[in-house]
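Comments concern the structure below.
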Amino acid sequence: PHVTRREDYAPPVWLVPTIDLVFDLDPARTSVSATMQVELKEGAGGPLRLDGGGGLRPLTVAVDGQPAEWRMEGDQLVLDLAGRAHEVAIAVEIAPEANTQLMGLYASGGLLCTQCEAEGFRRIMFFPDRPDVLSRYTVRMTADKARFPVLLANGDHVGGGDLDDGRHWAQWRDPFPKPCYLFALVAGDLACRADQFITRSGRTVALGIYTAQSDLPKTEHAMAALKASMAWDEQVYGREYDLAVFNIVAVGDFNFGAMENKGLNIFNSRYILADPDTATDADYDAVAGVVAHEYFHNWSGNRVTCRDWFQLSLKEGFTVFRDQQFSADQGSHAVKRIEDVRALRAAQFPEDAGPLAHPIRPESYLEIGNFYTATVYNKGAEVIRMLHTLLGAERFRKGTDLYFTRHDGTATTCDAFVDAMEDASGEDLSRFRLWYSQAGTPRVKASLVHETGGGRARLTLEQSVPATPGQRDKQPMVLPLRLALFSAETGKRLAAQMVVMQDAREEIVFEGVSERPILSINRDFSAPVIVETDRSPADLAFLSAHDDDPFARYEAVQQLMLDTLVAGAARGEADHRPVIAAVRDTLADAHLDPAFVAETMLIPTESFVGDQMLVVDPEAIRRTRDALRRDLGRELLEQWRAIYAANHSNRFEYNPTAKGMRRLKTIALGFLAVGGAEDAAALAFGQFNDADNMTDRQGALGVLANGTAPERETALAAFYDRYRGDSLVLDKWFTTQALSMRADTPEQVERLARHPDFTLTNPNRLRSLVGAFTANQYAFHDPSGRGYRFLADMVLAADRLNPQTAAKLIPPLGRWRRLEPTRAALMKAELERMLATPGLSKDVFEQVSKSLA
Ligand code: HT7
Ligand code: ZN
């Protein structure tokens, strides 16, 4: 297969300033015709090459009104044109109903909709499908009016009406030039929640969220989030919305979270629909976060876009950072930071440590769909955050202003973003740019020596970046590390500063330190690194009670837990007392926000413990983690009971405190269950039955699902009966069972894959069972290898329908080198079996072959 390399970038030869598209929509057979003005770029020459894909064939090709000679070279339609400017007209036919890849124009639940990023447009029309070709679009659609009463596309609605045969038409025009990956249309029988937003310059923007009529009440939260995002982007980044219309459509079948098409965002319905009965607090937060993310792309992505797909983090890293800032501003900064770091450690750190590691700006790809990764998105956001930390909010804002002004209406690069930051701040960021080219999570070793005689503390920092595929030797990175020292005697903060580490080894001397200092480091997680310190359990316990940086305080408890779990997994036993004491103290601190306490109480996941070990032993990890949970439950039984009672409420409210209380309550319920409280199952069943919201109901179901009480089956059956018609909630039913911490989980998951409600065609459903199962380390790594076989079978079956979604399931098998030899061999054998399967997509081929390399 063809490898695309960053170094081979060449600007486009032909530009397409305008394109008029005409769609005659029908699920079985849609005809599409395009009329494009094409222009040879100054000083350039050569044939016009238009990308195609998915078996697209031209029906007619005309140049300047005359039938033209053309040829196919692979999937490209090639035209030799005599002059420098022409009108090219092409007609094709496509079958949306048969499109199971969900890229291009496809059918979902009676709707017709598009997904063009990254390379879906070429499955609709022959076109230079690359983000640096920007065009003005006009779109005319005709469709059966009864089936598709709503016809939407990018930009402004400029015309429409009825036709003779029960059909109707609509025309849309987008005044902003855009790359084809931002093209969108939707046709369907949709209801609309309409609202409006007045911009800071006084323009009225008509807002619409389109769903099935029955789902309309569930769009209130998304609409509120949209309006809040529009106001926030004006206040914080000075960015105003630019069209008179902003529409969102929710669809049930979607490969990703959502898509930022200009003026017509298309969403996976799970990131739009929310009401208390069907969505958890985490779902509410995700809806707001994704709505904000897609909206923010209007500037960071659409007005200023990427030159090529290697620059993906230019829009994604920056936009994730913006949505993280937005969400933090809506609630607790500390809790949001903790959640974001947990997500980074769960998804990105393993990626950086495995065979699929790549820099946030990759150097090559077979299939760009495989690079919508936690590295590009979440590590990309951390890189932008570090710029914010290094420059400060004011200079950072100057930098973004300059970036937007300089590059508005163009397709640009990550380097151009850093250039703008440099030019606006006067700071030299040349070394910082390594973050774009070096993969791997840096490790920082910190050791603090107190020289009692001189009243001095000497901190030594050493950094190293591990080798990653294709990158053996690494240079030291620029690391902004927020530090503080606390007095072990008085708890007073003795010093606080930000160190910008640039070299492999650095020493920082703190003068006037007469009391024994305790080190607080990487406060607020100021750099995306792994820190190793020589702090004792007592020092960590001290920080867990006294650190004035909430993240560092959380981190101290987590580190204590992690050290205990790693020691327990390695040696078979560990001293649980320091963890129990730290947890007891945290629970007893009445000043703490319940959401913060809840985060702090979450014991590191089995996978995260595995990530710390040279050889992952899933059984030892499960055993030691269970033992710690049991001891915490037993030793603090009365505290958990009190917490449960104090945080229990049967009146749903959606605000940060109520959310925190719900979270803490269900965590307490979990500890009561593992701690052996006799009434735990009854309490959980009561919570399940009496809940007036999904957070409490699913939380209780999760606790029951991990156990063996008879209430387990009753609750699972009741949940299924109640929600069998709601596909998003049914996903939760599959996930809860796939995550269950029981010995029979692998068998249950195989059974669920044969359930009539399981389907490979819906990405959410596939992820809800198969994706969740692979996150259940103990179950997935069943020593028989059945988990690996199951995953490979699912990937192969899904690959025939939807390669992009299938390929995203592969990374857990790529961890094979980290497992003991028997499991490693079984995992490798499944990867080899996949690789030997004829007809593999390039998406799956790339992930599997890299996982084996
Ligand atoms: N920019 C969007 C990416 C996206 C996507 C990528 C591959 C296949 C399907 C997709 N749907 C959306 C999402 C975002 O980051 O906002
Ligand atoms: Zn995005």
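Please note that chains go A, B, ... in the order of the structure tokens, that every chain numbers its residues from 1, and that ligands are numbered from 1 in the order shown.
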
| task | Identify all residues of region 110-237 of chain A in helix (DSSP H, G or I) (DSSP on the backbone) and supply them as an MDAnalysis selection string. | result | chainID A and resid 121:123 180:182 213:237

Written file, previous selection with C-alpha atoms, as a PDB file, in the first residue's frame:
ATOM      1  CA  PHE A 121     -15.553  13.681  -0.266  1.00  0.00           C
ATOM      2  CA  ARG A 122     -13.796  11.644  -2.955  1.00  0.00           C
ATOM      3  CA  ARG A 123     -16.474   8.974  -2.455  1.00  0.00           C
ATOM      4  CA  CYS A 180     -13.937  19.616   0.768  1.00  0.00           C
ATOM      5  CA  TYR A 181     -13.547  17.786   4.102  1.00  0.00           C
ATOM      6  CA  LEU A 182     -15.869  20.458   5.556  1.00  0.00           C
ATOM      7  CA  GLN A 213     -39.224  14.457  16.652  1.00  0.00           C
ATOM      8  CA  SER A 214     -39.250  12.097  19.669  1.00  0.00           C
ATOM      9  CA  ASP A 215     -35.688  13.093  20.625  1.00  0.00           C
ATOM     10  CA  LEU A 216     -36.232  16.832  20.501  1.00  0.00           C
ATOM     11  CA  PRO A 217     -36.752  17.230  24.283  1.00  0.00           C
ATOM     12  CA  LYS A 218     -33.280  15.749  24.750  1.00  0.00           C
ATOM     13  CA  THR A 219     -31.571  18.618  22.918  1.00  0.00           C
ATOM     14  CA  GLU A 220     -32.025  21.330  25.532  1.00  0.00           C
ATOM     15  CA  HIS A 221     -28.635  20.739  27.145  1.00  0.00           C
ATOM     16  CA  ALA A 222     -26.801  20.746  23.801  1.00  0.00           C
ATOM     17  CA  MET A 223     -28.453  24.024  22.817  1.00  0.00           C
ATOM     18  CA  ALA A 224     -27.491  25.642  26.112  1.00  0.00           C
ATOM     19  CA  ALA A 225     -23.920  24.408  25.617  1.00  0.00           C
ATOM     20  CA  LEU A 226     -23.836  25.807  22.091  1.00  0.00           C
ATOM     21  CA  LYS A 227     -24.902  29.255  23.226  1.00  0.00           C
ATOM     22  CA  ALA A 228     -22.448  29.184  26.124  1.00  0.00           C
ATOM     23  CA  SER A 229     -19.649  28.180  23.717  1.00  0.00           C
ATOM     24  CA  MET A 230     -20.461  31.019  21.331  1.00  0.00           C
ATOM     25  CA  ALA A 231     -20.316  33.556  24.151  1.00  0.00           C
ATOM     26  CA  TRP A 232     -17.164  32.010  25.628  1.00  0.00           C
ATOM     27  CA  ASP A 233     -15.236  32.113  22.333  1.00  0.00           C
ATOM     28  CA  GLU A 234     -16.048  35.805  22.020  1.00  0.00           C
ATOM     29  CA  GLN A 235     -14.941  36.548  25.575  1.00  0.00           C
ATOM     30  CA  VAL A 236     -11.849  34.395  25.829  1.00  0.00           C
ATOM     31  CA  TYR A 237     -10.508  34.328  22.255  1.00  0.00           C
TER      32      TYR A 237
END

| Given 7 Å and only C-alpha atoms and all ligand atoms, residues near ligand 2 as an NGL selection string | :A and (293-294 or 297 or 315-316 or 319-320)

| field | Spatial neighbours of Asn261 (chain A), max dist 9 Å, only C-alpha atoms, sep filter under 2 positions, as a PyMOL selection string | value | chain A and resi 115-117+154+181-184+259+263-266+294+297-298+302

Dump of C-alpha atoms for the selected residues, as a short mmCIF file (atom, residue, chain, number, x, y, z; two decimals), in the first residue's frame:
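Dumped everything to part_4.cif:
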data_model
loop_
_atom_site.label_atom_id
_atom_site.label_comp_id
_atom_site.auth_asym_id
_atom_site.auth_seq_id
_atom_site.Cartn_x
_atom_site.Cartn_y
_atom_site.Cartn_z
CA GLN A 115 -18.93 12.50 6.54
CA CYS A 116 -16.05 13.89 4.52
CA GLU A 117 -13.11 14.28 6.91
CA ASN A 154 -23.37 24.36 4.57
CA TYR A 181 -13.55 17.79 4.10
CA LEU A 182 -15.87 20.46 5.56
CA PHE A 183 -18.61 19.86 2.99
CA ALA A 184 -21.88 18.48 4.39
CA MET A 259 -17.88 16.72 12.70
CA GLY A 263 -22.35 25.90 9.53
CA LEU A 264 -23.70 22.32 9.61
CA ASN A 265 -22.14 20.21 12.32
CA ILE A 266 -23.07 16.54 12.20
CA GLU A 294 -17.07 21.40 17.19
CA HIS A 297 -13.46 24.51 15.17
CA ASN A 298 -15.26 27.26 13.29
CA ASN A 302 -12.45 26.06 9.48
#

| query | Using only C-alpha atoms, which residues sit within 9 Å of Ala381 (chain A) once same-chain residues fewer than 4 positions away are excluded, as a ChimeraX atom specification? | reply | /A:313,316-322,324,375-377,385-386

| request: Could you please determine the separation between CA of Ile508 (chain A) and CA of Met561 (chain A) in Å, to one decimal place? | output: 28.7 Å

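Distances from A:Ile368, A:Val251, A:Ile384, A:Leu112 to ligand 1 were compared using only C-alpha atoms and all ligand atoms, and the smallest one belongs to A:Ile368.
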
| request: Rank nothing, just name the residue among A:Ile603, A:Leu102, A:Val3, A:Ala282 nearest to ligand 1, using only C-alpha atoms and all ligand atoms. | output: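 For ligand 1, the nearest of the given residues is A:Leu102.
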
| said: Need to verify the contact set: Gly454 (chain A), 12 Å, only C-alpha atoms, exclusion of same-chain residues closer than 2 positions in sequence. Can you return it as a list of chain:residue names? | reply: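 After dropping sequence-adjacent residues, the list is A:Val449, A:His450, A:Glu451, A:Thr452, A:Arg456, A:Ala457, A:Arg458, A:Val509, A:Phe510, A:Glu511, A:Gly512, A:Val513, A:Ser514, A:Glu515.
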
| Residue neighbourhood Phe256 (chain A), 10 Å, only C-alpha atoms, exclusion window fewer than 6 positions, as a list in words |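 In the requested format, the answer is Gln115, Phe267, Asn268, Tyr372, Pro763, Asn764, Gln804 and Thr805 of chain A.
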
Only N, CA and C atoms, please: the residues just picked out, written as a PDB file, in the first residue's frame.
ATOM      1  N   GLN A 115     -20.123  12.342   5.708  1.00  0.00           N
ATOM      2  CA  GLN A 115     -18.933  12.505   6.544  1.00  0.00           C
ATOM      3  C   GLN A 115     -17.761  12.587   5.583  1.00  0.00           C
ATOM      4  N   PHE A 267     -23.405  15.284  14.218  1.00  0.00           N
ATOM      5  CA  PHE A 267     -22.994  14.683  15.487  1.00  0.00           C
ATOM      6  C   PHE A 267     -23.426  13.236  15.597  1.00  0.00           C
ATOM      7  N   ASN A 268     -22.586  12.451  16.198  1.00  0.00           N
ATOM      8  CA  ASN A 268     -22.995  11.177  16.773  1.00  0.00           C
ATOM      9  C   ASN A 268     -24.051  11.524  17.824  1.00  0.00           C
ATOM     10  N   TYR A 372      -6.288   9.769  13.888  1.00  0.00           N
ATOM     11  CA  TYR A 372      -7.170  10.546  14.767  1.00  0.00           C
ATOM     12  C   TYR A 372      -7.035   9.929  16.157  1.00  0.00           C
ATOM     13  N   PRO A 763     -21.332   1.808  14.839  1.00  0.00           N
ATOM     14  CA  PRO A 763     -20.056   1.947  15.564  1.00  0.00           C
ATOM     15  C   PRO A 763     -20.231   2.085  17.078  1.00  0.00           C
ATOM     16  N   ASN A 764     -21.260   2.790  17.516  1.00  0.00           N
ATOM     17  CA  ASN A 764     -21.450   2.928  18.972  1.00  0.00           C
ATOM     18  C   ASN A 764     -21.668   1.562  19.621  1.00  0.00           C
ATOM     19  N   GLN A 804     -12.587   1.772   9.152  1.00  0.00           N
ATOM     20  CA  GLN A 804     -12.086   2.790  10.068  1.00  0.00           C
ATOM     21  C   GLN A 804     -12.398   2.434  11.526  1.00  0.00           C
ATOM     22  N   THR A 805     -13.627   2.033  11.758  1.00  0.00           N
ATOM     23  CA  THR A 805     -14.026   1.686  13.122  1.00  0.00           C
ATOM     24  C   THR A 805     -13.361   0.373  13.552  1.00  0.00           C
TER      25      THR A 805
END

| query | Any idea what's packed within 8 Å of Ile643 (chain A), counting only C-alpha atoms, ignoring anything in its chain fewer than 5 positions away? Could you give it as a list of chain:residue names? | reply |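 Contacts, with the query itself left out: A:Leu664, A:Lys665, A:Ala668.
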
Export, as a PDB file, in the first residue's frame, the selected residues with C-alpha atoms.
ATOM      1  CA  LEU A 664     -19.167  10.133  45.500  1.00  0.00           C
ATOM      2  CA  LYS A 665     -22.294   8.300  46.554  1.00  0.00           C
ATOM      3  CA  ALA A 668     -19.139   4.767  48.417  1.00  0.00           C
TER       4      ALA A 668
END

| note | What separates CA of Arg443 (chain A) and CA of Ser464 (chain A) is a distance of 5.3 Å

| Which of region 482-691 of chain A fall in strand (DSSP E or B), as number ranges by chain | A: 482-487, 493-501, 505-511, 517-521, 530-533, 616

| task | Rank A:Gly289, A:Pro96, A:Gly161, A:Pro17 by their smallest atom-to-atom distance to Gln325 (chain A), using only C-alpha atoms, and report the top residue only. | result | A:Gly289

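When only C-alpha atoms are used to measure the gap to Asp285 (chain A), the shortest distance among A:Glu750, A:Glu363, A:Asp323, A:Asp20 belongs to A:Asp323.
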